[in-house]
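protein_26.csv follows; it contains CSV, C-alpha atoms.
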```
chain,number,residue,atom,x,y,z
A,2,MET,CA,21.5,-42.3,-3.7
A,3,GLN,CA,20.6,-39.1,-1.7
A,4,ARG,CA,20.7,-37.0,-4.9
A,5,LEU,CA,18.7,-39.6,-6.9
A,6,SER,CA,16.1,-39.9,-4.1
A,7,ALA,CA,15.7,-36.1,-3.9
A,8,ALA,CA,15.5,-35.8,-7.7
A,9,ALA,CA,12.8,-38.5,-7.8
A,10,ILE,CA,10.7,-36.8,-5.2
A,11,LEU,CA,11.0,-33.5,-6.9
A,12,ALA,CA,10.1,-35.1,-10.3
A,13,CYS,CA,6.9,-36.6,-8.8
A,14,VAL,CA,6.0,-33.2,-7.3
A,15,LEU,CA,6.7,-31.6,-10.6
A,16,LEU,CA,4.5,-34.0,-12.6
A,17,ILE,CA,1.6,-33.6,-10.1
A,18,ASP,CA,1.8,-29.8,-10.2
A,19,ARG,CA,2.1,-29.7,-13.9
A,20,ARG,CA,-1.0,-31.8,-14.3
A,21,TYR,CA,-3.1,-29.4,-12.2
A,22,ARG,CA,-1.5,-26.4,-13.8
A,23,LEU,CA,-2.6,-27.5,-17.2
A,24,MET,CA,-6.0,-28.4,-15.9
A,25,HIS,CA,-6.7,-25.0,-14.4
A,26,GLY,CA,-4.7,-22.8,-16.7
A,27,ASP,CA,-4.0,-19.2,-15.5
A,28,GLU,CA,-7.1,-19.1,-13.3
A,29,PHE,CA,-7.0,-19.9,-9.5
A,30,PRO,CA,-5.6,-22.3,-8.3
A,31,GLY,CA,-3.6,-22.7,-11.6
A,32,ASP,CA,-1.4,-19.7,-10.8
A,33,ASP,CA,-0.5,-21.3,-7.5
A,34,TYR,CA,0.4,-24.6,-9.2
A,35,ALA,CA,2.6,-22.6,-11.6
A,36,VAL,CA,4.6,-21.4,-8.6
A,37,PHE,CA,4.9,-24.9,-7.2
A,38,GLN,CA,5.9,-26.3,-10.6
A,39,ALA,CA,8.6,-23.7,-11.1
A,40,ALA,CA,9.9,-24.3,-7.6
A,41,ALA,CA,10.1,-28.1,-8.2
A,42,TRP,CA,11.8,-27.5,-11.5
A,43,ALA,CA,14.4,-25.3,-10.0
A,44,GLY,CA,14.9,-27.7,-7.1
A,45,LEU,CA,15.4,-30.6,-9.5
A,46,TYR,CA,18.1,-28.7,-11.3
A,47,GLY,CA,19.7,-27.7,-8.0
A,48,VAL,CA,19.9,-31.3,-6.9
A,49,LEU,CA,21.4,-32.5,-10.1
A,50,ASN,CA,24.0,-29.7,-10.6
A,51,LEU,CA,26.8,-31.0,-8.5
A,52,GLN,CA,28.9,-27.9,-8.9
A,53,MET,CA,26.4,-25.6,-7.3
A,54,ALA,CA,27.1,-27.4,-4.0
A,55,TYR,CA,30.3,-29.4,-4.2
A,56,TRP,CA,29.5,-33.0,-3.4
A,57,GLY,CA,33.0,-34.5,-3.6
A,58,ILE,CA,32.2,-36.4,-6.9
A,59,ALA,CA,34.3,-35.6,-10.0
A,60,THR,CA,34.1,-38.7,-12.1
A,61,GLY,CA,31.9,-41.7,-12.9
A,62,TRP,CA,28.7,-42.3,-14.7
A,63,PHE,CA,26.5,-40.4,-12.2
A,64,TYR,CA,28.7,-37.3,-12.5
A,65,TRP,CA,28.5,-37.2,-16.3
A,66,ALA,CA,24.8,-38.0,-16.3
A,67,THR,CA,24.2,-35.0,-14.1
A,68,TYR,CA,26.3,-32.9,-16.5
A,69,ALA,CA,24.0,-34.0,-19.4
A,70,MET,CA,20.9,-33.2,-17.3
A,71,ILE,CA,22.0,-29.6,-16.5
A,72,TRP,CA,22.0,-28.9,-20.2
A,73,ILE,CA,18.8,-30.8,-21.0
A,74,LEU,CA,16.6,-29.4,-18.2
A,75,PRO,CA,16.9,-25.7,-19.1
A,76,ILE,CA,16.3,-26.4,-22.8
A,77,ALA,CA,13.2,-28.6,-22.0
A,78,GLY,CA,11.9,-26.0,-19.6
A,79,LEU,CA,12.2,-23.2,-22.1
A,80,ARG,CA,10.4,-25.3,-24.8
A,81,LEU,CA,7.6,-26.1,-22.4
A,82,GLY,CA,7.3,-22.5,-21.2
A,83,ILE,CA,7.2,-21.1,-24.7
A,84,ARG,CA,4.7,-23.6,-25.9
A,85,ASN,CA,2.3,-23.0,-23.0
A,86,ARG,CA,3.2,-19.3,-22.5
A,87,ASP,CA,4.2,-20.0,-18.9
A,88,ARG,CA,6.3,-16.9,-18.0
A,89,LEU,CA,7.4,-18.2,-14.6
A,90,LEU,CA,8.7,-21.5,-16.0
A,91,MET,CA,10.5,-19.6,-18.8
A,92,ASP,CA,12.2,-17.3,-16.2
A,93,VAL,CA,13.3,-20.2,-14.1
A,94,SER,CA,14.6,-22.1,-17.1
A,95,ALA,CA,16.5,-19.1,-18.3
A,96,ALA,CA,18.1,-18.7,-14.8
A,97,MET,CA,19.0,-22.4,-15.0
A,98,ALA,CA,20.6,-22.0,-18.4
A,99,LEU,CA,22.8,-19.1,-17.0
A,100,ALA,CA,23.8,-21.4,-14.0
A,101,THR,CA,24.7,-24.1,-16.5
A,102,LEU,CA,27.0,-21.7,-18.4
A,103,ALA,CA,28.5,-20.5,-15.2
A,104,THR,CA,29.3,-24.0,-13.9
A,105,ASN,CA,30.3,-25.6,-17.2
A,106,LYS,CA,34.1,-25.0,-16.7
A,107,ALA,CA,34.0,-26.4,-13.2
A,108,TYR,CA,32.3,-29.5,-14.4
A,109,LEU,CA,34.9,-30.0,-17.0
A,110,GLY,CA,37.7,-29.4,-14.5
A,111,ARG,CA,39.1,-26.4,-16.3
A,112,GLN,CA,40.6,-23.4,-14.5
A,113,PRO,CA,38.6,-20.2,-14.6
A,114,GLN,CA,40.1,-17.2,-16.5
A,115,SER,CA,39.9,-13.5,-15.8
A,116,TRP,CA,38.2,-12.9,-19.1
A,117,ASP,CA,35.4,-15.4,-18.5
A,118,PRO,CA,32.9,-12.8,-17.2
A,119,ILE,CA,33.6,-10.6,-20.3
A,120,LEU,CA,32.9,-13.5,-22.7
A,121,PHE,CA,29.8,-14.4,-20.6
A,122,GLY,CA,28.5,-10.8,-20.9
A,123,LEU,CA,29.1,-10.7,-24.6
A,124,LEU,CA,27.3,-14.0,-25.1
A,125,LEU,CA,24.3,-12.7,-23.2
A,126,MET,CA,24.2,-9.5,-25.2
A,127,GLY,CA,24.5,-11.3,-28.5
A,128,THR,CA,21.8,-13.7,-27.5
A,129,ALA,CA,19.4,-10.9,-26.5
A,130,ILE,CA,20.1,-9.1,-29.8
A,131,VAL,CA,19.5,-12.3,-31.9
A,132,ILE,CA,16.3,-13.1,-30.1
A,133,ARG,CA,15.0,-9.6,-30.4
A,134,ARG,CA,15.7,-9.4,-34.1
A,135,TRP,CA,14.2,-12.9,-34.7
A,136,LEU,CA,11.0,-11.9,-33.0
A,137,ALA,CA,10.8,-8.5,-34.8
A,138,SER,CA,11.3,-10.2,-38.2
A,139,GLY,CA,8.1,-12.3,-37.8
A,140,PRO,CA,4.7,-11.4,-39.2
A,141,ASN,CA,3.4,-8.2,-37.5
A,142,GLY,CA,6.6,-8.1,-35.4
A,143,GLU,CA,5.8,-11.1,-33.4
A,144,ARG,CA,6.3,-14.9,-33.3
A,145,TYR,CA,4.0,-17.4,-31.5
A,146,GLY,CA,2.5,-14.6,-29.5
A,147,PHE,CA,5.8,-13.1,-28.3
A,148,THR,CA,6.9,-9.6,-29.3
A,149,PRO,CA,10.0,-7.5,-28.5
A,150,VAL,CA,7.9,-4.3,-28.6
A,151,ARG,CA,6.9,-2.8,-25.2
A,152,THR,CA,3.1,-3.1,-25.3
A,153,LEU,CA,2.5,-1.1,-22.1
A,154,SER,CA,4.6,2.0,-23.0
A,155,LYS,CA,1.7,4.3,-22.1
A,156,HIS,CA,1.5,2.8,-18.6
A,157,ALA,CA,5.3,3.2,-18.3
A,158,ARG,CA,5.0,6.9,-19.1
A,159,LEU,CA,2.2,7.2,-16.6
A,160,MET,CA,4.3,5.6,-13.9
A,161,THR,CA,7.2,7.9,-14.7
A,162,ILE,CA,4.9,11.0,-14.4
A,163,VAL,CA,3.5,9.7,-11.1
A,164,SER,CA,6.9,8.9,-9.6
A,165,THR,CA,8.2,12.3,-10.6
A,166,ALA,CA,5.2,14.0,-9.1
A,167,SER,CA,5.5,12.0,-5.9
A,168,ALA,CA,9.2,13.0,-5.6
A,169,ALA,CA,8.4,16.7,-6.1
A,170,PHE,CA,5.7,16.7,-3.4
A,171,GLN,CA,7.8,14.9,-0.8
A,172,PRO,CA,8.1,17.0,2.4
A,173,GLN,CA,11.5,18.5,2.9
A,174,PRO,CA,13.3,16.9,5.8
A,175,SER,CA,13.7,19.3,8.6
A,176,SER,CA,17.3,20.3,9.2
A,177,PRO,CA,18.6,19.4,12.7
A,178,ALA,CA,18.7,22.3,15.1
A,179,THR,CA,22.2,23.5,15.6
A,180,GLU,CA,23.4,23.6,19.1
A,181,PRO,CA,24.6,27.0,20.4
A,182,ALA,CA,28.3,27.3,20.6
A,183,THR,CA,29.5,27.0,24.2
A,184,ALA,CA,31.7,29.8,25.5
A,185,ARG,CA,35.3,28.9,26.0
A,186,PRO,CA,36.3,28.9,29.6
A,187,HIS,CA,38.2,32.1,30.4
A,188,PHE,CA,40.5,32.1,33.4
A,189,GLU,CA,41.9,35.4,34.6
A,190,GLY,CA,43.0,37.1,37.7
A,191,GLY,CA,45.4,34.5,38.8
A,192,ARG,CA,47.7,35.5,41.5
A,193,SER,CA,50.9,33.9,42.4
A,194,GLY,CA,51.7,33.8,46.1
A,195,GLY,CA,53.4,36.6,47.8
A,196,ALA,CA,55.4,37.7,44.8
A,197,GLY,CA,52.6,40.0,43.7
A,198,ALA,CA,52.4,38.6,40.1
A,199,ASN,CA,49.0,38.4,38.5
A,200,GLY,CA,47.9,37.6,34.9
A,201,GLU,CA,45.5,35.8,32.6
A,202,PHE,CA,45.7,32.2,31.4
```

Could you write out this structure as structure tokens?
Amino acid sequence: MQRLSAAAILACVLLIDRRYRLMHGDEFPGDDYAVFQAAAWAGLYGVLNLQMAYWGIATGWFYWATYAMIWILPIAGLRLGIRNRDRLLMDVSAAMALATLATNKAYLGRQPQSWDPILFGLLLMGTAIVIRRWLASGPNGERYGFTPVRTLSKHARLMTIVSTASAAFQPQPSSPATEPATARPHFEGGRSGGAGANGEF
């Protein structure tokens, strides 16, 4: 009931924010509503993913309903973000998809293996290559307004030049002054009693 109540509150916040986000677009205060919408979307996912914060539930209809939701929410968020060109919602949904892949084995009760991170990395690299090629194969190298080509390369070169110049003109740190070496104590002229012996030590 606690999870369902929190999910219901976040869903209401999400619907309200999304309404005002679509109403105002990218202009103020639409950009603020985009942040609130993404935060509510991420919070809804965090409440429903029982493996992100173990809740002591490992079976039953609620458990498997949340398992279905952690797959549905990232896909729905990506579709909405792509359709409305909402970069923040797309980023949050992509992070949610990664969290789903990371917690999938725990949901199914399977033991993690040492090669799981390797397979996970290969999957991410393969997905990135497929998406990049799919976008590049579209008309004019783009699809639905998305392109894999860096459109601000000249600004990137300018930033590289500026950063290099700023590093070259950095003042050299002054080296700490070395302390003069202290002279070793030198004891000499010792005299031993009435035997008449003297020496240095």

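Residues with any atom within 12 Å of Thr104 (chain A), counting all atoms listed in the file and excluding same-chain neighbours fewer than 3 positions away, are Gly47, Asn50, Leu51, Gln52, Met53, Ala54, Tyr55, Tyr68, Ile71, Trp72, Met97, Ala98, Leu99, Ala100, Thr101, Ala107, Tyr108, Leu109, Gly110, Arg111, Gln112, Pro113, Asp117 and Phe121 of chain A.
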
Polymer residues at most 12 Å from Ala9 (chain A), all atoms listed in the file, same-chain spacing of 3 or more positions, as an mmCIF file with C-alpha atoms, in the frame of the given file:
```
data_model
loop_
_atom_site.group_PDB
_atom_site.id
_atom_site.type_symbol
_atom_site.label_atom_id
_atom_site.label_comp_id
_atom_site.auth_asym_id
_atom_site.auth_seq_id
_atom_site.Cartn_x
_atom_site.Cartn_y
_atom_site.Cartn_z
ATOM 1 C CA MET A 2 21.500 -42.300 -3.700
ATOM 2 C CA GLN A 3 20.600 -39.100 -1.700
ATOM 3 C CA ARG A 4 20.700 -37.000 -4.900
ATOM 4 C CA LEU A 5 18.700 -39.600 -6.900
ATOM 5 C CA SER A 6 16.100 -39.900 -4.100
ATOM 6 C CA ALA A 12 10.100 -35.100 -10.300
ATOM 7 C CA CYS A 13 6.900 -36.600 -8.800
ATOM 8 C CA VAL A 14 6.000 -33.200 -7.300
ATOM 9 C CA LEU A 15 6.700 -31.600 -10.600
ATOM 10 C CA LEU A 16 4.500 -34.000 -12.600
ATOM 11 C CA ALA A 41 10.100 -28.100 -8.200
ATOM 12 C CA TRP A 42 11.800 -27.500 -11.500
ATOM 13 C CA GLY A 44 14.900 -27.700 -7.100
ATOM 14 C CA LEU A 45 15.400 -30.600 -9.500
ATOM 15 C CA TYR A 46 18.100 -28.700 -11.300
ATOM 16 C CA VAL A 48 19.900 -31.300 -6.900
ATOM 17 C CA LEU A 49 21.400 -32.500 -10.100
#
```

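CA of Tyr21 (chain A) sits 6.7 Å away from CA of Tyr34 (chain A).
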
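Here CA of Ala43 (chain A) and CA of Trp116 (chain A) stand 28.3 Å from one another.
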
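Counting all atoms listed in the file and comparing A:Pro118, A:Gly26, A:Gly78, A:Gly61, the residue that lies closest to Ala39 (chain A) is A:Gly78.
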
Long-range neighbours of Leu136 (chain A) as an MDAnalysis selection string, 8 Å cut-off, all atoms listed in the file, 5 positions minimum in chain: chainID A and resid 142:144 147:149

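CA of Asp87 (chain A) to CA of Gln38 (chain A) spans 10.6 Å [interatomic distance, one decimal].
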
Axis-aligned box over every listed atom of region 95-103 of chain A, padded by 3 Å per side: centre and edges in Å to one decimal, as lines of an AutoDock Vina configuration file?
```
center_x = 22.5
center_y = -21.4
center_z = -16.2
size_x = 18.0
size_y = 11.4
size_z = 10.4
```

Keeping all heavy atoms (and nothing else), can you write region 100-111 of chain A of this structure as a short mmCIF file (atom, residue, chain, number, x, y, z; two decimals), in the first residue's frame?
```
data_model
loop_
_atom_site.label_atom_id
_atom_site.label_comp_id
_atom_site.auth_asym_id
_atom_site.auth_seq_id
_atom_site.Cartn_x
_atom_site.Cartn_y
_atom_site.Cartn_z
N ALA A 100 18.80 0.70 -15.72
CA ALA A 100 18.51 0.16 -14.38
C ALA A 100 17.67 -1.11 -14.49
O ALA A 100 17.85 -2.05 -13.70
CB ALA A 100 17.79 1.21 -13.54
N THR A 101 16.76 -1.17 -15.45
CA THR A 101 15.96 -2.38 -15.65
C THR A 101 16.85 -3.55 -16.04
O THR A 101 16.71 -4.67 -15.52
CB THR A 101 14.89 -2.14 -16.72
OG1 THR A 101 13.99 -1.12 -16.26
CG2 THR A 101 14.10 -3.41 -17.00
N LEU A 102 17.77 -3.32 -16.97
CA LEU A 102 18.68 -4.39 -17.37
C LEU A 102 19.57 -4.83 -16.22
O LEU A 102 19.89 -6.01 -16.08
CB LEU A 102 19.53 -3.92 -18.55
CG LEU A 102 18.78 -3.67 -19.87
CD1 LEU A 102 19.73 -3.07 -20.91
CD2 LEU A 102 18.16 -4.96 -20.38
N ALA A 103 19.98 -3.87 -15.38
CA ALA A 103 20.87 -4.20 -14.27
C ALA A 103 20.16 -4.99 -13.17
O ALA A 103 20.80 -5.78 -12.47
CB ALA A 103 21.47 -2.92 -13.69
N THR A 104 18.86 -4.78 -12.98
CA THR A 104 18.13 -5.44 -11.90
C THR A 104 17.28 -6.61 -12.40
O THR A 104 16.56 -7.21 -11.60
CB THR A 104 17.21 -4.43 -11.18
OG1 THR A 104 16.32 -3.83 -12.13
CG2 THR A 104 18.02 -3.34 -10.50
N ASN A 105 17.35 -6.93 -13.69
CA ASN A 105 16.51 -7.98 -14.23
C ASN A 105 16.80 -9.34 -13.59
O ASN A 105 15.88 -10.07 -13.22
CB ASN A 105 16.69 -8.06 -15.75
CG ASN A 105 15.80 -9.10 -16.39
OD1 ASN A 105 14.58 -9.05 -16.28
ND2 ASN A 105 16.40 -10.09 -17.03
N LYS A 106 18.09 -9.68 -13.46
CA LYS A 106 18.45 -10.97 -12.88
C LYS A 106 18.00 -11.08 -11.43
O LYS A 106 17.55 -12.14 -10.98
CB LYS A 106 19.96 -11.19 -12.97
CG LYS A 106 20.39 -12.03 -14.15
CD LYS A 106 21.80 -12.53 -13.99
CE LYS A 106 22.11 -13.56 -15.05
NZ LYS A 106 23.48 -14.10 -14.92
N ALA A 107 18.15 -10.01 -10.69
CA ALA A 107 17.72 -10.03 -9.29
C ALA A 107 16.22 -10.24 -9.18
O ALA A 107 15.74 -10.94 -8.29
CB ALA A 107 18.14 -8.73 -8.61
N TYR A 108 15.46 -9.62 -10.11
CA TYR A 108 14.01 -9.81 -10.10
C TYR A 108 13.64 -11.27 -10.35
O TYR A 108 12.71 -11.80 -9.74
CB TYR A 108 13.36 -8.93 -11.18
CG TYR A 108 12.51 -7.83 -10.62
CD1 TYR A 108 12.95 -6.51 -10.62
CD2 TYR A 108 11.25 -8.09 -10.10
CE1 TYR A 108 12.16 -5.49 -10.11
CE2 TYR A 108 10.46 -7.08 -9.59
CZ TYR A 108 10.92 -5.78 -9.60
OH TYR A 108 10.15 -4.79 -9.09
N LEU A 109 14.38 -11.92 -11.24
CA LEU A 109 14.08 -13.31 -11.58
C LEU A 109 14.69 -14.30 -10.61
O LEU A 109 14.53 -15.50 -10.77
CB LEU A 109 14.56 -13.61 -13.00
CG LEU A 109 13.91 -12.76 -14.11
CD1 LEU A 109 14.51 -13.10 -15.46
CD2 LEU A 109 12.40 -12.97 -14.12
N GLY A 110 15.43 -13.80 -9.62
CA GLY A 110 16.02 -14.68 -8.61
C GLY A 110 17.22 -15.46 -9.09
O GLY A 110 17.54 -16.51 -8.52
N ARG A 111 17.89 -14.98 -10.11
CA ARG A 111 19.06 -15.67 -10.64
C ARG A 111 20.34 -15.10 -10.04
O ARG A 111 20.41 -13.92 -9.71
CB ARG A 111 19.11 -15.58 -12.16
CG ARG A 111 17.92 -16.24 -12.83
CD ARG A 111 18.00 -16.11 -14.33
NE ARG A 111 16.88 -16.75 -15.00
CZ ARG A 111 16.67 -16.72 -16.30
NH1 ARG A 111 17.53 -16.09 -17.09
NH2 ARG A 111 15.62 -17.33 -16.83
#
```
